[in-house]
Amino acid sequence: MSKHIPERTCIVCRKKADKNNFLKLVKNAGGKISIERETKLEGRGAYICKNEQCILKARKTKALSRAFKTNVFEELYEELENESFK
């Protein structure tokens with residue numbers, strides 16, 4: 001019997017896939033939003049595809065601001081772009 005692999009949904013394009021195909025963003029109790037890399041962070045999470053089109057569309061449509069119900073600064077979008085090109 002194979003191990004269950006959790007599926008997640010991109011907040012921009014709504015594509016469902018294995019969670020390893022996405023970048024995870026987390027908003028902690030203090031309101032700081034960061035990219036979850038190695039360690040498990042506590043807080044509200046959202047997933048976005050690791051491709052340039054989804055990240056550019058997220059910036060244009062303010063998808064992260066809607067997902068986290070707060071203003072998201074441009075620096076986070078720049079960090080996402082840098083992370084997706086690795």
# chains A, B, ... in the order shown; residues from 1 in each chain; ligands from 1
$ select_by_dssp --residues "segment 3-65 of chain A" --states "strand (DSSP E)" --output "mmCIF file with C-alpha atoms, in the first residue's frame"
data_model
loop_
_atom_site.group_PDB
_atom_site.id
_atom_site.type_symbol
_atom_site.label_atom_id
_atom_site.label_comp_id
_atom_site.auth_asym_id
_atom_site.auth_seq_id
_atom_site.Cartn_x
_atom_site.Cartn_y
_atom_site.Cartn_z
ATOM 1 C CA GLU A 7 -2.584 17.604 -2.190
ATOM 2 C CA ARG A 8 -2.656 21.380 -1.963
ATOM 3 C CA THR A 9 -4.244 24.077 -4.141
ATOM 4 C CA LYS A 16 -4.142 20.901 -7.286
ATOM 5 C CA ALA A 17 -0.920 18.961 -6.872
ATOM 6 C CA ASP A 18 1.469 17.379 -4.388
ATOM 7 C CA PHE A 22 4.317 24.665 -4.294
ATOM 8 C CA LEU A 23 5.896 27.420 -2.259
ATOM 9 C CA LYS A 24 4.232 27.738 1.133
ATOM 10 C CA LEU A 25 3.667 31.130 2.714
ATOM 11 C CA VAL A 26 2.781 31.479 6.382
ATOM 12 C CA LYS A 27 1.320 34.387 8.331
ATOM 13 C CA ILE A 33 4.258 36.735 6.317
ATOM 14 C CA SER A 34 7.214 34.604 5.287
ATOM 15 C CA ILE A 35 8.117 31.766 2.955
ATOM 16 C CA GLU A 36 8.319 28.410 4.704
ATOM 17 C CA ARG A 44 -2.143 30.567 8.518
ATOM 18 C CA GLY A 45 -0.718 28.989 5.374
ATOM 19 C CA ALA A 46 -1.233 29.501 1.649
ATOM 20 C CA TYR A 47 0.331 27.737 -1.314
ATOM 21 C CA ILE A 48 1.435 29.157 -4.657
ATOM 22 C CA CYS A 49 2.908 27.417 -7.703
#
$ select_by_dssp --residues "segment 48-84 of chain A" --states "helix (DSSP H, G or I)" --output "PyMOL selection string"
chain A and resi 52-61+63-68+74-84
$ write_last_selection --atoms "N, CA, C and O atoms" --output "compact mmCIF listing (two decimals), in the first residue's frame"
# COMPACT_ATOMS: atom_id res chain seq x y z
N GLU A 52 6.75 31.27 -12.67
CA GLU A 52 6.76 32.73 -12.80
C GLU A 52 5.37 33.29 -13.08
O GLU A 52 5.00 34.33 -12.54
N GLN A 53 4.57 32.59 -13.90
CA GLN A 53 3.25 33.10 -14.26
C GLN A 53 2.35 33.27 -13.05
O GLN A 53 1.67 34.29 -12.91
N CYS A 54 2.33 32.30 -12.16
CA CYS A 54 1.48 32.39 -10.97
C CYS A 54 1.95 33.50 -10.03
O CYS A 54 1.12 34.21 -9.46
N ILE A 55 3.24 33.66 -9.89
CA ILE A 55 3.75 34.69 -8.99
C ILE A 55 3.46 36.08 -9.55
O ILE A 55 3.03 36.97 -8.81
N LEU A 56 3.63 36.26 -10.85
CA LEU A 56 3.32 37.56 -11.47
C LEU A 56 1.82 37.85 -11.39
O LEU A 56 1.42 38.98 -11.12
N LYS A 57 1.00 36.83 -11.59
CA LYS A 57 -0.45 37.02 -11.49
C LYS A 57 -0.86 37.30 -10.05
O LYS A 57 -1.77 38.09 -9.81
N ALA A 58 -0.20 36.67 -9.08
CA ALA A 58 -0.50 36.92 -7.67
C ALA A 58 -0.24 38.39 -7.34
O ALA A 58 -1.02 39.02 -6.62
N ARG A 59 0.85 38.93 -7.86
CA ARG A 59 1.19 40.34 -7.63
C ARG A 59 0.13 41.24 -8.28
O ARG A 59 -0.36 42.18 -7.65
N LYS A 60 -0.24 40.92 -9.50
CA LYS A 60 -1.20 41.75 -10.25
C LYS A 60 -2.59 41.73 -9.62
O LYS A 60 -3.26 42.76 -9.53
N THR A 61 -3.02 40.56 -9.16
CA THR A 61 -4.39 40.43 -8.63
C THR A 61 -4.47 40.57 -7.11
O THR A 61 -5.55 40.44 -6.54
N ALA A 63 -3.47 38.50 -4.86
CA ALA A 63 -3.98 37.23 -4.32
C ALA A 63 -3.51 36.97 -2.89
O ALA A 63 -4.26 36.44 -2.08
N LEU A 64 -2.27 37.34 -2.58
CA LEU A 64 -1.77 37.11 -1.22
C LEU A 64 -2.47 38.02 -0.21
O LEU A 64 -2.74 37.60 0.91
N SER A 65 -2.76 39.23 -0.61
CA SER A 65 -3.49 40.14 0.29
C SER A 65 -4.86 39.58 0.62
O SER A 65 -5.33 39.65 1.75
N ARG A 66 -5.53 38.99 -0.37
CA ARG A 66 -6.84 38.38 -0.14
C ARG A 66 -6.73 37.14 0.72
O ARG A 66 -7.54 36.93 1.64
N ALA A 67 -5.75 36.31 0.44
CA ALA A 67 -5.59 35.06 1.19
C ALA A 67 -5.31 35.31 2.66
O ALA A 67 -5.81 34.59 3.52
N PHE A 68 -4.50 36.33 2.95
CA PHE A 68 -4.11 36.60 4.33
C PHE A 68 -4.89 37.75 4.96
O PHE A 68 -4.67 38.10 6.11
N GLU A 74 5.61 44.67 -1.42
CA GLU A 74 6.27 44.28 -2.66
C GLU A 74 7.50 43.40 -2.41
O GLU A 74 7.84 42.56 -3.23
N GLU A 75 8.15 43.59 -1.27
CA GLU A 75 9.35 42.81 -0.96
C GLU A 75 9.04 41.31 -0.93
O GLU A 75 9.87 40.49 -1.33
N LEU A 76 7.85 40.94 -0.47
CA LEU A 76 7.48 39.53 -0.42
C LEU A 76 7.34 38.98 -1.84
O LEU A 76 7.78 37.87 -2.12
N TYR A 77 6.75 39.75 -2.74
CA TYR A 77 6.62 39.30 -4.13
C TYR A 77 8.00 39.15 -4.77
O TYR A 77 8.24 38.20 -5.52
N GLU A 78 8.90 40.07 -4.47
CA GLU A 78 10.27 39.97 -5.00
C GLU A 78 10.97 38.73 -4.46
O GLU A 78 11.66 38.03 -5.19
N GLU A 79 10.76 38.46 -3.18
CA GLU A 79 11.34 37.26 -2.57
C GLU A 79 10.77 35.99 -3.21
O GLU A 79 11.50 35.04 -3.46
N LEU A 80 9.47 36.00 -3.50
CA LEU A 80 8.84 34.87 -4.17
C LEU A 80 9.43 34.65 -5.56
O LEU A 80 9.69 33.52 -5.97
N GLU A 81 9.62 35.75 -6.29
CA GLU A 81 10.20 35.64 -7.63
C GLU A 81 11.60 35.05 -7.56
O GLU A 81 11.95 34.18 -8.35
N ASN A 82 12.39 35.50 -6.61
CA ASN A 82 13.75 34.97 -6.46
C ASN A 82 13.72 33.48 -6.09
O ASN A 82 14.53 32.71 -6.57
N GLU A 83 12.79 33.10 -5.25
CA GLU A 83 12.68 31.71 -4.79
C GLU A 83 12.23 30.80 -5.93
O GLU A 83 12.67 29.67 -6.05
N SER A 84 11.34 31.28 -6.80
CA SER A 84 10.80 30.45 -7.86
C SER A 84 11.81 30.19 -8.97
O SER A 84 11.70 29.22 -9.70
$ closest_residue --among "A:Thr39, A:Asn51, A:Asn28, A:Asn71" --to "Cys10 of chain A" --atoms "only C-alpha atoms"
A:Asn51
$ atom_distance --atom1 "atom CA of Pro6 of chain A" --atom2 "atom CA of Lys50 of chain A"
17.0 Å
$ atom_distance --atom1 "atom CA of Ala29 of chain A" --atom2 "atom CA of Gly43 of chain A"
6.3 Å
$ atom_distance --atom1 "atom CA of Gly30 of chain A" --atom2 "atom CA of Val72 of chain A"
13.9 Å
$ decode --residues "segment 6-21 of chain A" --atoms "N, CA, C and O atoms" --output "mmCIF file, in the first residue's frame"
data_model
loop_
_atom_site.group_PDB
_atom_site.id
_atom_site.type_symbol
_atom_site.label_atom_id
_atom_site.label_comp_id
_atom_site.auth_asym_id
_atom_site.auth_seq_id
_atom_site.Cartn_x
_atom_site.Cartn_y
_atom_site.Cartn_z
ATOM 1 N N PRO A 6 -0.238 14.347 0.530
ATOM 2 C CA PRO A 6 -1.241 15.398 0.607
ATOM 3 C C PRO A 6 -1.242 16.301 -0.624
ATOM 4 O O PRO A 6 -0.188 16.631 -1.150
ATOM 5 N N GLU A 7 -2.439 16.674 -1.082
ATOM 6 C CA GLU A 7 -2.584 17.604 -2.190
ATOM 7 C C GLU A 7 -2.888 18.986 -1.648
ATOM 8 O O GLU A 7 -3.574 19.134 -0.640
ATOM 9 N N ARG A 8 -2.386 19.990 -2.315
ATOM 10 C CA ARG A 8 -2.656 21.380 -1.963
ATOM 11 C C ARG A 8 -3.129 22.103 -3.212
ATOM 12 O O ARG A 8 -2.952 21.629 -4.331
ATOM 13 N N THR A 9 -3.715 23.291 -3.033
ATOM 14 C CA THR A 9 -4.244 24.077 -4.141
ATOM 15 C C THR A 9 -3.563 25.435 -4.192
ATOM 16 O O THR A 9 -3.446 26.121 -3.171
ATOM 17 N N CYS A 10 -3.140 25.825 -5.388
ATOM 18 C CA CYS A 10 -2.527 27.143 -5.590
ATOM 19 C C CYS A 10 -3.597 28.214 -5.411
ATOM 20 O O CYS A 10 -4.704 28.092 -5.949
ATOM 21 N N ILE A 11 -3.280 29.287 -4.665
ATOM 22 C CA ILE A 11 -4.263 30.341 -4.423
ATOM 23 C C ILE A 11 -4.477 31.226 -5.651
ATOM 24 O O ILE A 11 -5.415 31.999 -5.692
ATOM 25 N N VAL A 12 -3.636 31.068 -6.674
ATOM 26 C CA VAL A 12 -3.754 31.888 -7.878
ATOM 27 C C VAL A 12 -4.483 31.142 -8.985
ATOM 28 O O VAL A 12 -5.535 31.562 -9.447
ATOM 29 N N CYS A 13 -3.930 30.000 -9.416
ATOM 30 C CA CYS A 13 -4.494 29.287 -10.570
ATOM 31 C C CYS A 13 -5.439 28.152 -10.177
ATOM 32 O O CYS A 13 -6.068 27.552 -11.042
ATOM 33 N N ARG A 14 -5.510 27.844 -8.894
ATOM 34 C CA ARG A 14 -6.380 26.798 -8.337
ATOM 35 C C ARG A 14 -5.975 25.385 -8.759
ATOM 36 O O ARG A 14 -6.753 24.441 -8.631
ATOM 37 N N LYS A 15 -4.751 25.210 -9.269
ATOM 38 C CA LYS A 15 -4.251 23.886 -9.642
ATOM 39 C C LYS A 15 -3.999 23.075 -8.382
ATOM 40 O O LYS A 15 -3.472 23.586 -7.407
ATOM 41 N N LYS A 16 -4.386 21.805 -8.406
ATOM 42 C CA LYS A 16 -4.142 20.901 -7.286
ATOM 43 C C LYS A 16 -2.969 20.002 -7.635
ATOM 44 O O LYS A 16 -2.873 19.510 -8.751
ATOM 45 N N ALA A 17 -2.089 19.825 -6.666
ATOM 46 C CA ALA A 17 -0.920 18.961 -6.872
ATOM 47 C C ALA A 17 -0.315 18.597 -5.521
ATOM 48 O O ALA A 17 -0.746 19.091 -4.474
ATOM 49 N N ASP A 18 0.697 17.755 -5.565
ATOM 50 C CA ASP A 18 1.469 17.379 -4.388
ATOM 51 C C ASP A 18 2.034 18.650 -3.763
ATOM 52 O O ASP A 18 2.472 19.560 -4.467
ATOM 53 N N LYS A 19 2.041 18.741 -2.453
ATOM 54 C CA LYS A 19 2.478 19.971 -1.787
ATOM 55 C C LYS A 19 3.928 20.326 -2.065
ATOM 56 O O LYS A 19 4.325 21.471 -1.903
ATOM 57 N N ASN A 20 4.724 19.371 -2.539
ATOM 58 C CA ASN A 20 6.114 19.655 -2.872
ATOM 59 C C ASN A 20 6.263 20.502 -4.134
ATOM 60 O O ASN A 20 7.336 21.013 -4.414
ATOM 61 N N ASN A 21 5.192 20.647 -4.907
ATOM 62 C CA ASN A 21 5.223 21.444 -6.131
ATOM 63 C C ASN A 21 4.937 22.917 -5.872
ATOM 64 O O ASN A 21 4.894 23.701 -6.819
#
